[in-house]
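*Asks:* My structure file work02.tsv, TSV, C-alpha atoms, is below:
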chain	number	residue	atom	x	y	z
A	1	MET	CA	53.08	-60.72	-33.98
A	2	THR	CA	49.37	-61.46	-33.41
A	3	ILE	CA	48.07	-60.55	-29.95
A	4	MET	CA	45.53	-63.07	-28.69
A	5	PRO	CA	42.35	-61.55	-27.21
A	6	LYS	CA	41.64	-62.07	-23.52
A	7	LEU	CA	40.15	-65.52	-23.05
A	8	PRO	CA	37.11	-66.33	-20.86
A	9	GLU	CA	37.82	-67.68	-17.37
A	10	LYS	CA	36.20	-71.05	-18.08
A	11	THR	CA	38.31	-71.44	-21.22
A	12	ILE	CA	41.50	-70.87	-19.22
A	13	GLU	CA	40.35	-73.50	-16.70
A	14	ARG	CA	39.75	-75.99	-19.49
A	15	LEU	CA	43.10	-75.22	-21.16
A	16	SER	CA	44.81	-76.15	-17.89
A	17	GLN	CA	42.81	-79.40	-17.85
A	18	TYR	CA	43.69	-80.08	-21.50
A	19	ARG	CA	47.39	-79.66	-20.77
A	20	ARG	CA	47.20	-82.05	-17.82
A	21	ALA	CA	45.44	-84.66	-19.96
A	22	LEU	CA	47.84	-84.12	-22.87
A	23	LEU	CA	50.84	-84.60	-20.59
A	24	ILE	CA	49.39	-87.93	-19.49
A	25	CYS	CA	48.98	-88.94	-23.14
A	26	LEU	CA	52.52	-87.83	-23.93
A	27	GLY	CA	53.78	-89.98	-21.06
A	28	LYS	CA	52.16	-92.95	-22.82
A	29	ASN	CA	54.05	-92.11	-26.06
A	30	LYS	CA	50.90	-90.88	-27.78
A	31	GLN	CA	51.70	-88.25	-30.43
A	32	TYR	CA	48.30	-87.18	-31.76
A	33	ILE	CA	44.82	-86.89	-30.26
A	34	PHE	CA	41.33	-86.22	-31.61
A	35	SER	CA	38.88	-83.81	-30.00
A	36	HIS	CA	36.51	-86.62	-29.02
A	37	GLU	CA	39.35	-88.45	-27.22
A	38	LEU	CA	40.33	-85.35	-25.24
A	39	ALA	CA	36.67	-84.65	-24.51
A	40	GLY	CA	36.16	-88.18	-23.21
A	41	MET	CA	39.09	-87.89	-20.81
A	42	LEU	CA	37.65	-84.71	-19.28
A	43	HIS	CA	33.90	-85.42	-19.51
A	44	LEU	CA	33.35	-82.61	-21.99
A	45	THR	CA	31.76	-82.50	-25.43
A	46	PRO	CA	33.94	-82.64	-28.57
A	47	VAL	CA	32.26	-79.41	-29.71
A	48	GLN	CA	33.47	-77.63	-26.56
A	49	VAL	CA	37.01	-78.91	-27.03
A	50	ARG	CA	37.11	-77.81	-30.67
A	51	ARG	CA	35.69	-74.40	-29.79
A	52	ASP	CA	38.37	-73.81	-27.13
A	53	ILE	CA	41.17	-74.95	-29.43
A	54	MET	CA	39.90	-72.70	-32.21
A	55	LEU	CA	39.91	-69.78	-29.75
A	56	ILE	CA	43.65	-70.20	-29.23
A	57	GLY	CA	44.26	-70.36	-32.96
A	58	TYR	CA	45.29	-74.00	-33.24
A	59	SER	CA	44.06	-76.58	-35.73
A	60	GLY	CA	44.66	-80.25	-36.27
A	61	THR	CA	44.17	-82.56	-39.24
A	62	LEU	CA	41.21	-84.74	-40.10
A	63	ARG	CA	43.37	-87.85	-40.35
A	64	GLN	CA	45.56	-87.47	-37.26
A	65	GLY	CA	43.91	-84.93	-35.00
A	66	TYR	CA	45.94	-82.54	-32.84
A	67	GLU	CA	49.71	-82.83	-32.40
A	68	ILE	CA	50.12	-83.27	-28.65
A	69	ARG	CA	53.53	-81.66	-28.15
A	70	GLU	CA	52.52	-78.59	-30.17
A	71	MET	CA	49.33	-78.17	-28.17
A	72	ILE	CA	51.16	-78.48	-24.85
A	73	ALA	CA	53.66	-75.84	-25.97
A	74	LEU	CA	50.94	-73.46	-27.19
A	75	ILE	CA	48.90	-73.79	-23.99
A	76	GLY	CA	52.07	-73.11	-22.03
A	77	LYS	CA	52.67	-69.89	-23.97
A	78	ILE	CA	49.13	-68.75	-23.20
A	79	ILE	CA	48.90	-69.69	-19.52
A	80	ASP	CA	52.47	-69.51	-18.23
A	81	SER	CA	54.62	-66.48	-17.57
A	82	GLU	CA	57.99	-66.64	-19.36
A	83	GLU	CA	59.99	-65.78	-16.27
A	84	GLY	CA	57.77	-67.81	-13.93
A	85	LEU	CA	55.70	-66.56	-11.00
A	86	LYS	CA	56.20	-66.96	-7.26
A	87	VAL	CA	53.44	-68.02	-4.88
A	88	ALA	CA	52.95	-67.63	-1.12
A	89	VAL	CA	50.77	-69.78	1.15
A	90	ILE	CA	49.06	-67.93	4.00
A	91	GLY	CA	48.11	-70.27	6.83
A	92	LEU	CA	50.16	-73.40	7.48
A	93	GLY	CA	47.55	-75.74	8.89
A	94	ASN	CA	46.88	-79.18	7.43
A	95	LEU	CA	45.52	-77.74	4.18
A	96	GLY	CA	48.37	-75.26	3.76
A	97	ARG	CA	51.02	-77.93	4.27
A	98	ALA	CA	49.21	-80.29	1.91
A	99	MET	CA	49.12	-77.57	-0.76
A	100	ILE	CA	52.88	-77.08	-0.50
A	101	SER	CA	53.65	-80.80	-0.63
A	102	TYR	CA	51.32	-81.48	-3.54
A	103	PHE	CA	51.92	-78.37	-5.61
A	104	ASN	CA	55.69	-78.05	-5.68
A	105	GLY	CA	57.16	-79.55	-8.81
A	106	LYS	CA	53.83	-79.88	-10.62
A	107	ARG	CA	54.30	-76.73	-12.76
A	108	THR	CA	57.75	-75.39	-13.62
A	109	LYS	CA	56.51	-71.82	-14.14
A	110	LEU	CA	54.83	-71.54	-10.73
A	111	SER	CA	56.70	-72.06	-7.48
A	112	ILE	CA	55.69	-71.72	-3.84
A	113	VAL	CA	58.55	-69.80	-2.24
A	114	ALA	CA	57.15	-68.66	1.12
A	115	ALA	CA	54.59	-69.56	3.76
A	116	PHE	CA	53.18	-67.45	6.60
A	117	ASP	CA	51.54	-68.31	9.89
A	118	ILE	CA	50.82	-66.78	13.29
A	119	ASN	CA	51.85	-69.89	15.25
A	120	GLN	CA	55.37	-69.45	16.64
A	121	GLU	CA	55.92	-73.21	16.58
A	122	LYS	CA	55.61	-73.19	12.78
A	123	VAL	CA	57.64	-70.04	12.15
A	124	ASN	CA	61.31	-70.26	11.13
A	125	ARG	CA	60.87	-73.82	9.92
A	126	VAL	CA	61.06	-75.23	6.40
A	127	TYR	CA	58.23	-77.32	4.93
A	128	ALA	CA	59.00	-79.27	1.74
A	129	GLY	CA	61.68	-76.72	0.90
A	130	VAL	CA	59.45	-73.71	1.66
A	131	PRO	CA	60.40	-71.40	4.57
A	132	CYS	CA	57.66	-70.30	6.96
A	133	TYR	CA	57.64	-66.71	8.24
A	134	HIS	CA	55.56	-64.99	10.90
A	135	ILE	CA	52.53	-63.23	9.46
A	136	ASP	CA	54.02	-59.92	10.64
A	137	MET	CA	56.71	-60.39	7.97
A	138	LEU	CA	54.15	-60.77	5.19
A	139	SER	CA	54.52	-57.38	3.50
A	140	LYS	CA	58.32	-57.34	3.75
A	141	ILE	CA	58.81	-60.83	2.30
A	142	ILE	CA	56.22	-60.46	-0.46
A	143	ARG	CA	57.82	-57.22	-1.63
A	144	SER	CA	61.43	-58.40	-1.33
A	145	GLU	CA	60.70	-61.74	-3.07
A	146	ASN	CA	58.42	-60.11	-5.67
A	147	ILE	CA	55.57	-62.55	-5.01
A	148	PRO	CA	52.39	-61.75	-7.00
A	149	ILE	CA	50.15	-64.72	-6.03
A	150	ALA	CA	48.85	-65.91	-2.65
A	151	ILE	CA	46.96	-69.04	-1.58
A	152	MET	CA	44.92	-68.27	1.53
A	153	THR	CA	44.10	-71.14	3.93
A	154	VAL	CA	43.57	-69.17	7.15
A	155	PRO	CA	40.51	-69.51	9.45
A	156	GLY	CA	37.42	-67.86	8.03
A	157	ASP	CA	37.29	-65.09	10.62
A	158	GLU	CA	40.79	-63.99	9.59
A	159	ALA	CA	40.11	-63.96	5.84
A	160	ALA	CA	39.11	-60.31	5.44
A	161	LYS	CA	42.05	-58.98	7.45
A	162	VAL	CA	44.59	-61.18	5.67
A	163	THR	CA	43.14	-60.27	2.27
A	164	GLU	CA	43.58	-56.58	3.05
A	165	SER	CA	47.19	-57.18	4.09
A	166	LEU	CA	47.88	-59.11	0.90
A	167	VAL	CA	46.45	-56.38	-1.32
A	168	LEU	CA	48.43	-53.69	0.50
A	169	ALA	CA	51.58	-55.80	0.09
A	170	GLY	CA	51.10	-55.83	-3.68
A	171	ILE	CA	49.59	-59.27	-4.27
A	172	LYS	CA	47.78	-59.35	-7.64
A	173	GLY	CA	46.09	-62.76	-7.47
A	174	ILE	CA	44.48	-64.60	-4.54
A	175	LEU	CA	43.20	-68.17	-4.33
A	176	ASN	CA	40.84	-68.16	-1.34
A	177	TYR	CA	40.40	-71.57	0.29
A	178	THR	CA	38.61	-70.15	3.34
A	179	PRO	CA	34.82	-70.54	3.81
A	180	THR	CA	34.49	-66.73	3.96
A	181	PRO	CA	33.97	-64.67	0.77
A	182	VAL	CA	36.31	-61.67	0.53
A	183	ASN	CA	36.45	-58.46	-1.46
A	184	VAL	CA	39.41	-57.25	-3.52
A	185	PRO	CA	40.02	-54.20	-5.73
A	186	ALA	CA	39.46	-54.40	-9.48
A	187	ASN	CA	43.18	-54.85	-10.23
A	188	THR	CA	43.43	-57.99	-8.05
A	189	TYR	CA	42.19	-61.31	-9.42
A	190	LEU	CA	40.28	-63.44	-6.93
A	191	GLN	CA	39.40	-67.14	-7.19
A	192	GLU	CA	37.34	-68.56	-4.33
A	193	TYR	CA	37.00	-72.26	-3.63
A	194	ASP	CA	34.54	-73.51	-1.04
A	195	MET	CA	34.91	-77.24	-0.36
A	196	ILE	CA	31.58	-77.37	1.50
A	197	THR	CA	29.73	-75.95	-1.50
A	198	SER	CA	31.45	-78.44	-3.80
A	199	LEU	CA	30.55	-81.37	-1.53
A	200	GLU	CA	26.94	-80.17	-1.20
A	201	LYS	CA	26.73	-80.02	-5.00
A	202	ILE	CA	27.96	-83.62	-5.20
A	203	ALA	CA	25.55	-84.66	-2.43
A	204	TYR	CA	22.63	-83.16	-4.35
A	205	PHE	CA	23.35	-85.19	-7.48
A	206	VAL	CA	23.96	-88.34	-5.42
A	207	LYS	CA	20.56	-87.79	-3.76
A	208	GLN	CA	18.93	-87.27	-7.16
A	209	GLY	CA	20.50	-90.48	-8.44
A	210	ASN	CA	19.27	-92.44	-5.42
A	211	ARG	CA	15.80	-91.00	-5.88
A	212	GLU	CA	15.69	-92.12	-9.52
A	213	GLU	CA	16.73	-95.64	-8.52
A	214	HIS	CA	13.65	-95.90	-6.29
A	215	ILE	CA	11.17	-94.60	-8.88
So that I can check it, write out the structure of this file as structure tokens.

*Replies:*
Amino acid sequence: MTIMPKLPEKTIERLSQYRRALLICLGKNKQYIFSHELAGMLHLTPVQVRRDIMLIGYSGTLRQGYEIREMIALIGKIIDSEEGLKVAVIGLGNLGRAMISYFNGKRTKLSIVAAFDINQEKVNRVYAGVPCYHIDMLSKIIRSENIPIAIMTVPGDEAAKVTESLVLAGIKGILNYTPTPVNVPANTYLQEYDMITSLEKIAYFVKQGNREEHI
């Protein structure tokens, strides 16, 4: 059995995007797709798409392109865990609740199974099928439920303390949606998403576009 080398982070991100686009195509009864079609759907170059697909050891045909079902299955083998992985949401404000509602059911191999908050009015309630526990129960529930991934949507000034608690509880992957950067040990994977930075990036390019219109 050939062991695939560790793929770059950006490649993994694009593979997830490819699968989402391929599932849309499959839903329209499309069976094959060319690299330029997939690239067009995701605003990428065909060269980038072909490079990523070559990295995962898949090839299509000149006449038909890539077989969609085969590609979806292969990407699943690369990204997904066979037994599935459990996820916890830390912080049940508007964003945390929206994450639970949107995420559940989107990926069969990832499931949000627990939420945590400090607000007693939110504790011991169920949101979209997900029970909410007091933050004091974090370590106990994460260990008993064998949860390896956490989505953090707490206030920024709580981010460092919550991150430390998550690492001590055994969490191996954290998606940080707070505006505060955090530090984790080398054996914990961290992905940070700052909505303000993303909006400022968009605003910059909008400003540049407006400037060009007036030249």

*Asks:* Listing only residues of segment 47-128 of chain A within 8 Å of segment 11-26 of chain A, what is the closest atom pair and its distance in Å (to one decimal) for each, using all atoms listed in the file, sorted by chain and residue number ascending, as JSON lines?

*Replies:*
{"residue": "A:Asp52", "atom": "CA", "partner": "A:Thr11", "partner_atom": "CA", "distance": 6.4}
{"residue": "A:Ile68", "atom": "CA", "partner": "A:Leu22", "partner_atom": "CA", "distance": 6.3}
{"residue": "A:Arg69", "atom": "CA", "partner": "A:Leu26", "partner_atom": "CA", "distance": 7.5}
{"residue": "A:Met71", "atom": "CA", "partner": "A:Arg19", "partner_atom": "CA", "distance": 7.8}
{"residue": "A:Ile72", "atom": "CA", "partner": "A:Arg19", "partner_atom": "CA", "distance": 5.7}
{"residue": "A:Ile75", "atom": "CA", "partner": "A:Leu15", "partner_atom": "CA", "distance": 6.6}
{"residue": "A:Ile79", "atom": "CA", "partner": "A:Ile12", "partner_atom": "CA", "distance": 7.5}

*Asks:* Suppose we keep C-alpha atoms; can you now write the selection as an mmCIF file, in the frame of the given file?

*Replies:*
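Below is the file result26.cif, written as the result:
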data_model
loop_
_atom_site.group_PDB
_atom_site.id
_atom_site.type_symbol
_atom_site.label_atom_id
_atom_site.label_comp_id
_atom_site.auth_asym_id
_atom_site.auth_seq_id
_atom_site.Cartn_x
_atom_site.Cartn_y
_atom_site.Cartn_z
ATOM 1 C CA ASP A 52 38.370 -73.810 -27.130
ATOM 2 C CA ILE A 68 50.120 -83.270 -28.650
ATOM 3 C CA ARG A 69 53.530 -81.660 -28.150
ATOM 4 C CA MET A 71 49.330 -78.170 -28.170
ATOM 5 C CA ILE A 72 51.160 -78.480 -24.850
ATOM 6 C CA ILE A 75 48.900 -73.790 -23.990
ATOM 7 C CA ILE A 79 48.900 -69.690 -19.520
#

*Asks:* Would you give me, as a tab-separated table, each residue of segment 122-149 of chain A having an atom within 9 Å of an atom of segment 100-104 of chain A, along with its shortest atom pair and that distance in Å to one decimal, using all atoms listed in the file and sorting by chain and residue number?

*Replies:*
residue	atom	partner	partner_atom	distance
A:Tyr127	CA	A:Ile100	CA	7.6
A:Ala128	CA	A:Ser101	CA	6.0
A:Gly129	CA	A:Ile100	CA	8.9
A:Val130	CA	A:Ile100	CA	7.7

*Asks:* Residues at most 12 Å from Lys161 of chain A, counting all atoms listed in the file, excluding those fewer than 4 positions away in the same chain, as a ChimeraX atom specification?

*Replies:* /A:90,135,152,154-157,165-168,180-184

*Asks:* Considering all atoms listed in the file, return as a list in words whatever protein or nucleic-acid residues lie within 10 Å of Ile141 of chain A, sequence-local ones (same chain, fewer than 3 positions apart) excluded.

*Replies:*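 So the residues in contact are Ala88, Ala114, Ala115, Phe116, Tyr133, Ile135, Asp136, Met137, Leu138, Ser144, Glu145, Asn146, Ile147 and Ala169 of chain A.
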
*Asks:* What does the structure give for the distance between atom CA of Asp117 of chain A and atom CA of Leu85 of chain A, in Å to one decimal?

*Replies:* 21.4 Å

*Asks:* Mind giving me the straight-line distance from atom CA of Ala150 of chain A to atom CA of Ile56 of chain A in Å, one decimal?

*Replies:*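 Interatomic distance, atom CA of Ala150 of chain A to atom CA of Ile56 of chain A: 27.4 Å.
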
*Asks:* Choose the residue, out of A:Ile202, A:Leu44, A:Ile171, A:Ala186, that has the smallest atom-to-atom separation from Arg143 of chain A; count only C-alpha atoms.

*Replies:*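 Among the listed residues, A:Ile171 lies closest to Arg143 of chain A.
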
*Asks:* Skip Ile149 of chain A itself and residues of its chain fewer than 4 positions away, then list as a PyMOL selection string all residues within 7 Å of it, counting all atoms listed in the file.

*Replies:* chain A and resi 86-88+171-174

*Asks:* May I ask which of the residues A:Leu190, A:Ile196, A:Ile151, A:Leu110 is the closest one to Glu82 of chain A, counting only C-alpha atoms?

*Replies:*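 Using only C-alpha atoms, Glu82 of chain A sits closest to A:Leu110.
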
*Asks:* Using Å and a single decimal, report how far atom CA of Asp194 of chain A sits from atom CA of Asn176 of chain A.

*Replies:*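 About the pair atom CA of Asn176 of chain A and atom CA of Asp194 of chain A: they are 8.3 Å apart.
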
*Asks:* How big is the axis-aligned box around all listed atoms of segment 44-57 of chain A once 6 Å goes on each side, and where's its centre, in Å to one decimal, as lines of an AutoDock Vina configuration file?

*Replies:*
center_x = 38.0
center_y = -76.2
center_z = -27.5
size_x = 24.5
size_y = 24.9
size_z = 23.0
